[in-house]
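**Student:** Pasting a structure here, questions to come.
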Amino acid sequence: MELLEERIRQQGRVLPGGVVQVDAFLNHQIDPILADAIAEEFVRRFQGERISKVLTIETSGIAFAILVALRLKVPLLFAKKRPGSNQGGAKQYTASVRSFTKGGVNTIGVSRDYLLRQDRVLVIDDFMAMGEAAEGLCSLVRQAGAALAGVGVVIEKAFQPGGDRLRAQGIRVEALARILEIGADGAIRFD
């Protein structure tokens, strides 16, 4: 998506440690016109997959996932990072996920009542670096015995191993913008 790449070039900031900050239009403040175009592109790329659920992780992925689910006319399910006491651990599929940008490990969970064996699931997330969130979400799908249609990420940092690791497992990964490298001057180069 040229529109997305251009916004990253114009408004993205490279922080120490290779963190790409896109708060102005993607994570903190969301441009709804761009978000709608992102959803449209994901639906185009995964058309014909007979998706019955869209799955994401709270919180940054929810905006894009809900728009994809709306266009597909299927439910959105999001994994909670700290499942509430009213959700009961035995009634949950869970996975441990390490956060590249925030550090630390979260146990994510979804209710067994909503992620079902007969589902065909599309995972949507905003960013992929090390791929831990996507791997955790894929684990939840496997635990349910559901089918995984693929993983859609808005931005993939292709110079980090997440996307390649998922693809090596036979998982279809569609990234709308793939950052190949960040130059010493902070310039971002795309695939």
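As shown in the structure tokens, the chain order sets the letters A, B, ...; within each chain, residues go from 1, and ligands are also counted from 1 in the order they appear.
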What's the 8 Å shell around segment 178-185 of chain A, counting only C-alpha atoms, without same-chain residues fewer than 2 positions away, as a list in words?
**Tutor:**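 Non-adjacent residues within range: Val14, Gly18, Ile155, Glu156, Lys157, Ala158, Phe159, Ala175, Leu176, Ala187, Ile188, Arg189, Phe190 and Asp191 of chain A.
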**Student:** Can you write out the residues you just picked, keeping C-alpha atoms, as a PDB file, in the first residue's frame?
**Tutor:**
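Contents of the output file out-v5.pdb:
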```
ATOM      1  CA  VAL A  14      12.526   5.984  14.309  1.00  0.00           C
ATOM      2  CA  GLY A  18      14.822   0.242  15.929  1.00  0.00           C
ATOM      3  CA  ILE A 155       3.455  -3.030   9.237  1.00  0.00           C
ATOM      4  CA  GLU A 156       6.100  -5.767   9.300  1.00  0.00           C
ATOM      5  CA  LYS A 157       9.669  -5.025  10.287  1.00  0.00           C
ATOM      6  CA  ALA A 158      11.100  -7.541   7.810  1.00  0.00           C
ATOM      7  CA  PHE A 159      14.636  -7.109   9.152  1.00  0.00           C
ATOM      8  CA  ALA A 175       1.975  -7.392   5.448  1.00  0.00           C
ATOM      9  CA  LEU A 176       0.710  -4.158   3.930  1.00  0.00           C
ATOM     10  CA  ALA A 187      15.510   6.648   6.644  1.00  0.00           C
ATOM     11  CA  ILE A 188      13.073   3.765   6.231  1.00  0.00           C
ATOM     12  CA  ARG A 189      13.422   1.517   3.197  1.00  0.00           C
ATOM     13  CA  PHE A 190      10.463  -0.646   2.132  1.00  0.00           C
ATOM     14  CA  ASP A 191      10.213  -3.962   0.307  1.00  0.00           C
TER      15      ASP A 191
END
```
**Student:** Under the rule of at most 9 Å, produce a per-residue listing of segment 45-112 of chain A near segment 137-153 of chain A: chain, number, name, the closest pair of atoms, and the distance in Å, as a Markdown table, using only C-alpha atoms.
**Tutor:**
```
| residue | atom | partner | partner_atom | distance |
| --- | --- | --- | --- | --- |
| A:Arg45 | CA | A:Gly152 | CA | 9.0 |
| A:Phe46 | CA | A:Ala149 | CA | 7.9 |
| A:Glu49 | CA | A:Ala149 | CA | 6.4 |
| A:Arg50 | CA | A:Ala149 | CA | 8.3 |
| A:Ile51 | CA | A:Ala149 | CA | 6.9 |
| A:Leu55 | CA | A:Leu137 | CA | 7.4 |
| A:Thr56 | CA | A:Leu137 | CA | 7.2 |
| A:Ile57 | CA | A:Leu137 | CA | 7.4 |
| A:Gly61 | CA | A:Val153 | CA | 8.9 |
| A:Ala79 | CA | A:Leu137 | CA | 7.6 |
| A:Tyr93 | CA | A:Leu140 | CA | 5.8 |
| A:Thr94 | CA | A:Leu140 | CA | 6.4 |
| A:Ala95 | CA | A:Ser139 | CA | 6.8 |
| A:Val97 | CA | A:Leu137 | CA | 9.0 |
| A:Ile108 | CA | A:Leu137 | CA | 8.3 |
| A:Gly109 | CA | A:Leu140 | CA | 7.7 |
| A:Val110 | CA | A:Leu140 | CA | 7.6 |
| A:Arg112 | CA | A:Ala144 | CA | 7.3 |
```
**Student:** Dump C-alpha atoms for the selected residues as a PDB file, in the first residue's frame?
**Tutor:**
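Written output follows (out-v4.pdb):
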```pdb
ATOM      1  CA  ARG A  45      -5.942 -10.169   0.002  1.00  0.00           C
ATOM      2  CA  PHE A  46      -7.902 -12.799   1.938  1.00  0.00           C
ATOM      3  CA  GLU A  49     -10.883 -17.772   2.410  1.00  0.00           C
ATOM      4  CA  ARG A  50     -14.353 -18.350   3.975  1.00  0.00           C
ATOM      5  CA  ILE A  51     -13.308 -16.563   7.171  1.00  0.00           C
ATOM      6  CA  LEU A  55      -8.887 -12.469  15.899  1.00  0.00           C
ATOM      7  CA  THR A  56      -6.576  -9.796  17.277  1.00  0.00           C
ATOM      8  CA  ILE A  57      -4.845  -8.872  20.516  1.00  0.00           C
ATOM      9  CA  GLY A  61      -4.963  -4.185  16.596  1.00  0.00           C
ATOM     10  CA  ALA A  79      -7.388 -11.830  23.078  1.00  0.00           C
ATOM     11  CA  TYR A  93      -7.287 -20.789  25.627  1.00  0.00           C
ATOM     12  CA  THR A  94      -4.105 -19.025  26.735  1.00  0.00           C
ATOM     13  CA  ALA A  95      -0.627 -18.267  25.417  1.00  0.00           C
ATOM     14  CA  VAL A  97       3.423 -13.365  24.582  1.00  0.00           C
ATOM     15  CA  ILE A 108      -3.252 -13.616  26.567  1.00  0.00           C
ATOM     16  CA  GLY A 109      -6.541 -15.447  26.555  1.00  0.00           C
ATOM     17  CA  VAL A 110      -9.789 -15.946  24.687  1.00  0.00           C
ATOM     18  CA  ARG A 112     -13.475 -21.276  24.648  1.00  0.00           C
TER      19      ARG A 112
END
```
**Student:** Within segment 111-151 of chain A, find each residue whose DSSP state, derived from the backbone, is alpha helix (DSSP H), and express the selection as a CSV table (one decimal) with N, CA and C atoms, in the first residue's frame.
**Tutor:**
```csv
chain,number,residue,atom,x,y,z
A,132,GLU,N,5.9,-12.3,18.2
A,132,GLU,CA,5.4,-13.0,19.4
A,132,GLU,C,3.9,-12.9,19.5
A,133,ALA,N,3.3,-11.7,19.2
A,133,ALA,CA,1.9,-11.6,19.3
A,133,ALA,C,1.2,-12.5,18.3
A,134,ALA,N,1.6,-12.5,17.1
A,134,ALA,CA,1.0,-13.3,16.1
A,134,ALA,C,1.1,-14.8,16.4
A,135,GLU,N,2.3,-15.2,16.9
A,135,GLU,CA,2.5,-16.6,17.3
A,135,GLU,C,1.6,-17.0,18.4
A,136,GLY,N,1.4,-16.1,19.4
A,136,GLY,CA,0.5,-16.4,20.5
A,136,GLY,C,-1.0,-16.5,20.0
A,137,LEU,N,-1.4,-15.6,19.1
A,137,LEU,CA,-2.7,-15.7,18.5
A,137,LEU,C,-2.9,-17.0,17.7
A,138,CYS,N,-1.9,-17.4,16.9
A,138,CYS,CA,-2.0,-18.6,16.1
A,138,CYS,C,-2.1,-19.8,17.1
A,139,SER,N,-1.4,-19.7,18.2
A,139,SER,CA,-1.4,-20.8,19.2
A,139,SER,C,-2.9,-21.0,19.7
A,140,LEU,N,-3.5,-19.9,20.0
A,140,LEU,CA,-4.9,-19.9,20.4
A,140,LEU,C,-5.8,-20.6,19.4
A,141,VAL,N,-5.6,-20.3,18.2
A,141,VAL,CA,-6.4,-20.9,17.1
A,141,VAL,C,-6.1,-22.4,17.1
A,142,ARG,N,-4.8,-22.8,17.2
A,142,ARG,CA,-4.5,-24.3,17.2
A,142,ARG,C,-5.1,-25.0,18.4
A,143,GLN,N,-5.1,-24.3,19.6
A,143,GLN,CA,-5.6,-24.9,20.8
A,143,GLN,C,-7.1,-25.2,20.6
A,144,ALA,N,-7.8,-24.3,19.9
A,144,ALA,CA,-9.2,-24.5,19.6
A,144,ALA,C,-9.5,-25.6,18.6
```
**Student:** Could you give me the residues within segment 45-164 of chain A that DSSP places in strand (DSSP E), as a JSON list (two decimals) with C-alpha atoms, in the first residue's frame?
**Tutor:**
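What landed in selection.json:
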```json
[["chain", "number", "residue", "atom", "x", "y", "z"],
["A", 53, "LYS", "CA", -13.88, -14.94, 12.74],
["A", 54, "VAL", "CA", -11.28, -12.20, 12.94],
["A", 55, "LEU", "CA", -8.89, -12.47, 15.90],
["A", 56, "THR", "CA", -6.58, -9.80, 17.28],
["A", 57, "ILE", "CA", -4.85, -8.87, 20.52],
["A", 76, "LEU", "CA", -14.30, -9.94, 15.93],
["A", 77, "LEU", "CA", -12.66, -11.75, 18.83],
["A", 78, "PHE", "CA", -9.80, -10.16, 20.72],
["A", 79, "ALA", "CA", -7.39, -11.83, 23.08],
["A", 92, "GLN", "CA", -9.86, -19.96, 28.24],
["A", 93, "TYR", "CA", -7.29, -20.79, 25.63],
["A", 94, "THR", "CA", -4.11, -19.03, 26.73],
["A", 95, "ALA", "CA", -0.63, -18.27, 25.42],
["A", 96, "SER", "CA", 2.38, -16.33, 26.71],
["A", 97, "VAL", "CA", 3.42, -13.37, 24.58],
["A", 98, "ARG", "CA", 6.55, -11.24, 24.97],
["A", 105, "VAL", "CA", 5.48, -11.11, 29.05],
["A", 106, "ASN", "CA", 1.69, -11.18, 29.04],
["A", 107, "THR", "CA", -0.59, -14.18, 29.19],
["A", 108, "ILE", "CA", -3.25, -13.62, 26.57],
["A", 109, "GLY", "CA", -6.54, -15.45, 26.56],
["A", 110, "VAL", "CA", -9.79, -15.95, 24.69],
["A", 111, "SER", "CA", -12.90, -17.72, 25.83],
["A", 120, "ARG", "CA", -11.75, -20.34, 10.05],
["A", 121, "VAL", "CA", -9.79, -17.49, 11.60],
["A", 122, "LEU", "CA", -7.99, -14.47, 10.19],
["A", 123, "VAL", "CA", -5.49, -12.93, 12.61],
["A", 124, "ILE", "CA", -5.03, -9.15, 12.26],
["A", 125, "ASP", "CA", -2.46, -7.00, 14.07],
["A", 126, "ASP", "CA", -0.96, -3.56, 13.64],
["A", 127, "PHE", "CA", 2.77, -4.36, 13.90],
["A", 128, "MET", "CA", 5.07, -7.35, 13.59],
["A", 147, "ALA", "CA", -8.39, -23.43, 10.94],
["A", 148, "LEU", "CA", -6.03, -20.50, 10.41],
["A", 149, "ALA", "CA", -6.66, -18.56, 7.19],
["A", 150, "GLY", "CA", -3.59, -16.41, 7.75],
["A", 151, "VAL", "CA", -2.10, -13.43, 9.51],
["A", 152, "GLY", "CA", -2.52, -9.87, 8.29],
["A", 153, "VAL", "CA", -0.24, -7.19, 9.70],
["A", 154, "VAL", "CA", -0.33, -3.51, 8.88],
["A", 155, "ILE", "CA", 3.45, -3.03, 9.24],
["A", 156, "GLU", "CA", 6.10, -5.77, 9.30],
["A", 157, "LYS", "CA", 9.67, -5.02, 10.29]]
```
**Student:** Which one is closest to Phe42 of chain A: A:Arg13, A:Gly131, A:Ala177, A:Ile30? Count only C-alpha atoms.
**Tutor:**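 Residue with the minimum atom-to-atom distance to Phe42 of chain A: A:Ala177.
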**Student:** Within 12 Å of Leu70 of chain A, counting only C-alpha atoms, which residues show up once you throw out same-chain ones fewer than 3 positions away? Write them as a list in words, please.
**Tutor:**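 In the requested format, the answer is Asp36, Ala39, Glu40, Phe42, Val43, Ser52, Lys53, Val54, Ile62, Ala63, Phe64, Ala65, Ile66, Leu67, Lys73, Val74, Pro75 and Leu76 of chain A.
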**Student:** So that I can see what lies close to Glu6 of chain A, please list as a list in words the residues with an atom at most 12 Å from it, counting only C-alpha atoms and leaving out residues fewer than 3 positions away in the same chain.
**Tutor:**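 In the requested format, the answer is Met1, Glu2, Leu3, Arg9, Gln10, Gln11, Gly12, Val22, Phe25, Leu34, Ala177, Ile188, Arg189 and Phe190 of chain A.
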**Student:** Let's have the selection written as a PDB file, in the first residue's frame, with N, CA and C atoms.
**Tutor:**
```
ATOM      1  N   MET A   1       0.846  -1.187   0.000  1.00  0.00           N
ATOM      2  CA  MET A   1       0.000   0.000   0.000  1.00  0.00           C
ATOM      3  C   MET A   1       0.886   1.243   0.000  1.00  0.00           C
ATOM      4  N   GLU A   2       0.908   1.901  -1.118  1.00  0.00           N
ATOM      5  CA  GLU A   2       1.731   3.097  -1.253  1.00  0.00           C
ATOM      6  C   GLU A   2       1.299   4.203  -0.299  1.00  0.00           C
ATOM      7  N   LEU A   3      -0.008   4.329  -0.089  1.00  0.00           N
ATOM      8  CA  LEU A   3      -0.538   5.335   0.819  1.00  0.00           C
ATOM      9  C   LEU A   3       0.013   5.136   2.229  1.00  0.00           C
ATOM     10  N   ARG A   9       6.681   7.247   5.954  1.00  0.00           N
ATOM     11  CA  ARG A   9       7.814   8.122   5.621  1.00  0.00           C
ATOM     12  C   ARG A   9       7.611   9.530   6.177  1.00  0.00           C
ATOM     13  N   GLN A  10       6.390  10.061   6.009  1.00  0.00           N
ATOM     14  CA  GLN A  10       6.112  11.442   6.402  1.00  0.00           C
ATOM     15  C   GLN A  10       5.975  11.628   7.903  1.00  0.00           C
ATOM     16  N   GLN A  11       5.266  10.711   8.572  1.00  0.00           N
ATOM     17  CA  GLN A  11       4.912  10.934   9.964  1.00  0.00           C
ATOM     18  C   GLN A  11       5.520   9.923  10.938  1.00  0.00           C
ATOM     19  N   GLY A  12       6.130   8.874  10.433  1.00  0.00           N
ATOM     20  CA  GLY A  12       6.751   7.898  11.315  1.00  0.00           C
ATOM     21  C   GLY A  12       8.061   8.427  11.869  1.00  0.00           C
ATOM     22  N   VAL A  22       4.536   5.208  15.045  1.00  0.00           N
ATOM     23  CA  VAL A  22       3.535   5.679  14.085  1.00  0.00           C
ATOM     24  C   VAL A  22       2.273   6.146  14.826  1.00  0.00           C
ATOM     25  N   PHE A  25      -0.891   8.365  13.321  1.00  0.00           N
ATOM     26  CA  PHE A  25      -1.942   7.907  12.412  1.00  0.00           C
ATOM     27  C   PHE A  25      -2.322   6.443  12.583  1.00  0.00           C
ATOM     28  N   LEU A  34      -7.454   6.146   6.448  1.00  0.00           N
ATOM     29  CA  LEU A  34      -6.377   5.200   6.219  1.00  0.00           C
ATOM     30  C   LEU A  34      -6.752   3.826   6.783  1.00  0.00           C
ATOM     31  N   ALA A 177       2.770  -3.115   4.650  1.00  0.00           N
ATOM     32  CA  ALA A 177       4.021  -2.364   4.475  1.00  0.00           C
ATOM     33  C   ALA A 177       5.111  -3.201   5.130  1.00  0.00           C
ATOM     34  N   ILE A 188      13.729   5.078   6.279  1.00  0.00           N
ATOM     35  CA  ILE A 188      13.073   3.765   6.231  1.00  0.00           C
ATOM     36  C   ILE A 188      13.017   3.308   4.782  1.00  0.00           C
ATOM     37  N   ARG A 189      13.475   2.072   4.544  1.00  0.00           N
ATOM     38  CA  ARG A 189      13.422   1.517   3.197  1.00  0.00           C
ATOM     39  C   ARG A 189      12.444   0.342   3.194  1.00  0.00           C
ATOM     40  N   PHE A 190      11.523   0.359   2.221  1.00  0.00           N
ATOM     41  CA  PHE A 190      10.463  -0.646   2.132  1.00  0.00           C
ATOM     42  C   PHE A 190      10.787  -1.713   1.092  1.00  0.00           C
TER      43      PHE A 190
END
```
**Student:** Considering only C-alpha atoms, state which residue in the set A:Arg172, A:Lys91, A:Ser99, A:Asp31 is at the smallest distance from Asp113 of chain A.
**Tutor:**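 Smallest distance to Asp113 of chain A is found for A:Lys91.
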